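**Student:** Have a look at the structure that comes next, please.
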Amino acid sequence: MQVSLKKMILFAVLVELFIFLVTYYMSASLGETFKYSARYSGRLSLIIFLITFYVYSTSEKSISENVALKNLLRIFAIVHVIHFGFLATNIYLNDIPLEISRLLGGLLAYLMIVIAPFKLDKISPKLQWVYFYYVCFVMIMTYLARINGGFEGAEPFWFHYLALITLVSCCLIFGWLKMKHSKTP
């Protein structure tokens, strides 16, 4: 049974809405609502990205031939844009100072994520790797910053260590899987 792209997008958006509603009802202020919405929406994005990266690394088809992968790229982009909305609102409502270096690196990743569903299949496989590893790198740096206390109001938590270990492991394993699948005739 194959689920349509529209249903998968609807499900992802409903999960984001659920995250917002739960954090709204559990938070003392709107600023706190968006802080936690951004946090848990980011975790949803992480999961969808890792699934997408796995499908890419195990596929013997090109992206243009792999409908499931193209759909996952679209869903990841939509979920991550919603995450960006939560994040930007959190920054605004809670007067969080921004660091230009982090901002530029993250902005480039967001642009790549939004453009990927439309252009990733039209670029060389080496540049496709750049996309997946750069997005992974930005996520790794985000979790490292959380672990090192670089986020105001966010203490290091066991999930940050788990996410960091998972991302680094997936970079290694998925790279190996892609090379393995690329060498098969």
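FYI, nothing fancy with the structure tokens labels: chains A, B, ... in order, residues from 1 per chain, ligands from 1 as they appear.
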Can you pull out every residue within 6 Å of region 56-67 of chain A, counting only C-alpha atoms, but drop anything in the same chain fewer than 3 positions away, and send it as JSON, numbers by chain?

**Tutor:** {"A": [53, 70, 121, 174, 177, 178, 181]}

**Student:** Please provide the set of residues having any atom within 8 Å of region 29-44 of chain A, restricted to only C-alpha atoms, with same-chain residues fewer than 2 positions apart removed, written as a ChimeraX atom specification.

**Tutor:** /A:16,19-20,23-24,26-27,46-48,79-80,82-84,86-87,89-90,93-94

**Student:** Take the residues just selected and output them with N, CA and C atoms as a short mmCIF file (atom, residue, chain, number, x, y, z; two decimals), in the first residue's frame.

**Tutor:**
data_model
loop_
_atom_site.label_atom_id
_atom_site.label_comp_id
_atom_site.auth_asym_id
_atom_site.auth_seq_id
_atom_site.Cartn_x
_atom_site.Cartn_y
_atom_site.Cartn_z
N GLU A 16 2.95 18.58 13.44
CA GLU A 16 3.44 19.90 13.84
C GLU A 16 2.38 20.67 14.62
N ILE A 19 2.19 19.24 18.07
CA ILE A 19 3.31 19.73 18.88
C ILE A 19 2.98 21.13 19.41
N PHE A 20 2.49 21.99 18.54
CA PHE A 20 2.16 23.35 18.96
C PHE A 20 1.06 23.35 20.02
N THR A 23 2.33 22.02 23.42
CA THR A 23 3.21 22.99 24.09
C THR A 23 2.43 24.23 24.52
N TYR A 24 1.41 24.61 23.76
CA TYR A 24 0.58 25.76 24.13
C TYR A 24 -0.14 25.49 25.45
N MET A 26 0.66 23.37 27.75
CA MET A 26 1.57 23.04 28.85
C MET A 26 2.48 24.22 29.25
N SER A 27 2.42 25.31 28.51
CA SER A 27 3.34 26.43 28.74
C SER A 27 2.65 27.56 29.48
N LEU A 46 14.62 16.31 12.47
CA LEU A 46 15.78 15.42 12.56
C LEU A 46 15.40 14.01 12.13
N ILE A 47 14.30 13.51 12.64
CA ILE A 47 13.86 12.14 12.31
C ILE A 47 13.57 12.01 10.82
N ILE A 48 12.84 12.98 10.28
CA ILE A 48 12.49 12.92 8.85
C ILE A 48 13.75 13.05 8.00
N VAL A 79 8.30 20.43 6.76
CA VAL A 79 8.42 20.33 8.21
C VAL A 79 9.50 21.28 8.72
N HIS A 80 10.58 21.41 7.97
CA HIS A 80 11.66 22.27 8.43
C HIS A 80 11.29 23.75 8.28
N ILE A 82 8.24 24.86 8.76
CA ILE A 82 7.40 25.06 9.95
C ILE A 82 8.29 25.22 11.19
N HIS A 83 9.31 24.38 11.29
CA HIS A 83 10.27 24.50 12.40
C HIS A 83 10.91 25.89 12.40
N PHE A 84 11.28 26.38 11.22
CA PHE A 84 11.86 27.72 11.12
C PHE A 84 10.89 28.78 11.64
N PHE A 86 8.55 28.38 13.93
CA PHE A 86 8.56 28.29 15.39
C PHE A 86 9.84 28.91 15.96
N LEU A 87 10.96 28.60 15.33
CA LEU A 87 12.26 29.08 15.79
C LEU A 87 12.34 30.61 15.71
N THR A 89 9.89 32.76 15.62
CA THR A 89 8.96 33.34 16.58
C THR A 89 9.51 33.25 18.00
N ASN A 90 10.15 32.13 18.31
CA ASN A 90 10.79 31.97 19.62
C ASN A 90 11.87 33.04 19.82
N LEU A 93 9.98 36.49 20.25
CA LEU A 93 9.23 36.65 21.50
C LEU A 93 10.11 36.63 22.75
N ASN A 94 11.20 35.90 22.69
CA ASN A 94 12.06 35.76 23.86
C ASN A 94 13.32 36.62 23.79
#

**Student:** For region 138-142 of chain A, find every residue with an atom within 8 Å (counting only C-alpha atoms), except residues of its own chain fewer than 3 positions away, and show them as a ChimeraX atom specification.

**Tutor:** /A:46,105-106,109,134-135,145-146,164,167-168

**Student:** Nearest to Lys126 (chain A) among A:Met179, A:Ile113, A:Ile173, A:Ala68, with distances taken over only C-alpha atoms: which residue is it?

**Tutor:**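 The closest residue to Lys126 (chain A) is A:Met179.
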
**Student:** Set the distance at 7 Å and use only C-alpha atoms: which residues neighbour Pro156 (chain A) once local chain neighbours fewer than 4 positions away are removed? I'd like the list as a ChimeraX atom specification.

**Tutor:** /A:146-147,149,160

**Student:** Please dump the current selection as a PDB file, in the first residue's frame; keep all heavy atoms.

**Tutor:**
ATOM      1  N   ARG A 146      24.256  22.954  21.904  1.00  0.00           N
ATOM      2  CA  ARG A 146      23.351  22.680  23.035  1.00  0.00           C
ATOM      3  C   ARG A 146      24.110  21.997  24.169  1.00  0.00           C
ATOM      4  O   ARG A 146      23.950  22.341  25.333  1.00  0.00           O
ATOM      5  CB  ARG A 146      22.184  21.819  22.591  1.00  0.00           C
ATOM      6  CG  ARG A 146      21.157  22.591  21.806  1.00  0.00           C
ATOM      7  CD  ARG A 146      19.857  21.815  21.751  1.00  0.00           C
ATOM      8  NE  ARG A 146      18.813  22.612  21.185  1.00  0.00           N
ATOM      9  CZ  ARG A 146      18.111  23.520  21.838  1.00  0.00           C
ATOM     10  NH1 ARG A 146      18.359  23.757  23.089  1.00  0.00           N
ATOM     11  NH2 ARG A 146      17.159  24.198  21.247  1.00  0.00           N
ATOM     12  N   ILE A 147      24.939  21.030  23.826  1.00  0.00           N
ATOM     13  CA  ILE A 147      25.719  20.304  24.835  1.00  0.00           C
ATOM     14  C   ILE A 147      26.691  21.243  25.543  1.00  0.00           C
ATOM     15  O   ILE A 147      26.897  21.139  26.751  1.00  0.00           O
ATOM     16  CB  ILE A 147      26.458  19.105  24.184  1.00  0.00           C
ATOM     17  CG1 ILE A 147      25.445  18.028  23.790  1.00  0.00           C
ATOM     18  CG2 ILE A 147      27.538  18.556  25.104  1.00  0.00           C
ATOM     19  CD1 ILE A 147      25.994  16.944  22.882  1.00  0.00           C
ATOM     20  N   GLY A 149      26.259  24.355  26.098  1.00  0.00           N
ATOM     21  CA  GLY A 149      25.569  25.474  26.745  1.00  0.00           C
ATOM     22  C   GLY A 149      25.457  26.709  25.884  1.00  0.00           C
ATOM     23  O   GLY A 149      25.295  27.815  26.403  1.00  0.00           O
ATOM     24  N   HIS A 160      20.284  15.429  23.579  1.00  0.00           N
ATOM     25  CA  HIS A 160      21.277  16.121  22.756  1.00  0.00           C
ATOM     26  C   HIS A 160      22.466  15.205  22.465  1.00  0.00           C
ATOM     27  O   HIS A 160      22.968  15.173  21.344  1.00  0.00           O
ATOM     28  CB  HIS A 160      21.741  17.403  23.439  1.00  0.00           C
ATOM     29  CG  HIS A 160      20.616  18.331  23.768  1.00  0.00           C
ATOM     30  ND1 HIS A 160      20.527  18.990  24.966  1.00  0.00           N
ATOM     31  CD2 HIS A 160      19.506  18.685  23.065  1.00  0.00           C
ATOM     32  CE1 HIS A 160      19.434  19.723  24.978  1.00  0.00           C
ATOM     33  NE2 HIS A 160      18.795  19.553  23.838  1.00  0.00           N
TER      34      HIS A 160
END

**Student:** Please list as a list in words every residue within 12 Å of Trp176 (chain A), counting only C-alpha atoms and excluding residues in the same chain fewer than 6 positions away.

**Tutor:**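 After dropping sequence-adjacent residues, the list is Tyr54, Ser57, Thr58, Ser169, Cys170, Ser182 and Lys183 of chain A.
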
**Student:** Take the residues just selected and output them with C-alpha atoms as a CSV table (one decimal), in the first residue's frame.

**Tutor:**
chain,number,residue,atom,x,y,z
A,54,TYR,CA,18.9,6.6,4.7
A,57,SER,CA,22.1,6.2,0.8
A,58,THR,CA,20.4,2.9,0.1
A,169,SER,CA,27.0,7.5,13.2
A,170,CYS,CA,24.5,8.0,10.3
A,182,SER,CA,27.0,2.8,-6.0
A,183,LYS,CA,29.5,0.0,-6.7

**Student:** Compare A:Ala77, A:Val15, A:Leu144, A:Ile96 by their minimum atom-to-atom distance to Met112 (chain A), counting only C-alpha atoms, and give me the closest one.

**Tutor:**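 Result for the nearest residue to Met112 (chain A): A:Ala77.
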
**Student:** Write out as a PDB file with C-alpha atoms, in the first residue's frame each polymer residue whose atoms come within 10 Å of Ser4 (chain A), counting only C-alpha atoms; drop sequence neighbours fewer than 5 positions from it.

**Tutor:**
ATOM      1  CA  ILE A   9       2.242  16.068   4.043  1.00  0.00           C
ATOM      2  CA  LEU A  10      -1.096  16.378   5.835  1.00  0.00           C
ATOM      3  CA  ALA A  68       9.725   7.937  -2.326  1.00  0.00           C
ATOM      4  CA  ASN A  71       8.451  12.823  -1.502  1.00  0.00           C
TER       5      ASN A  71
END
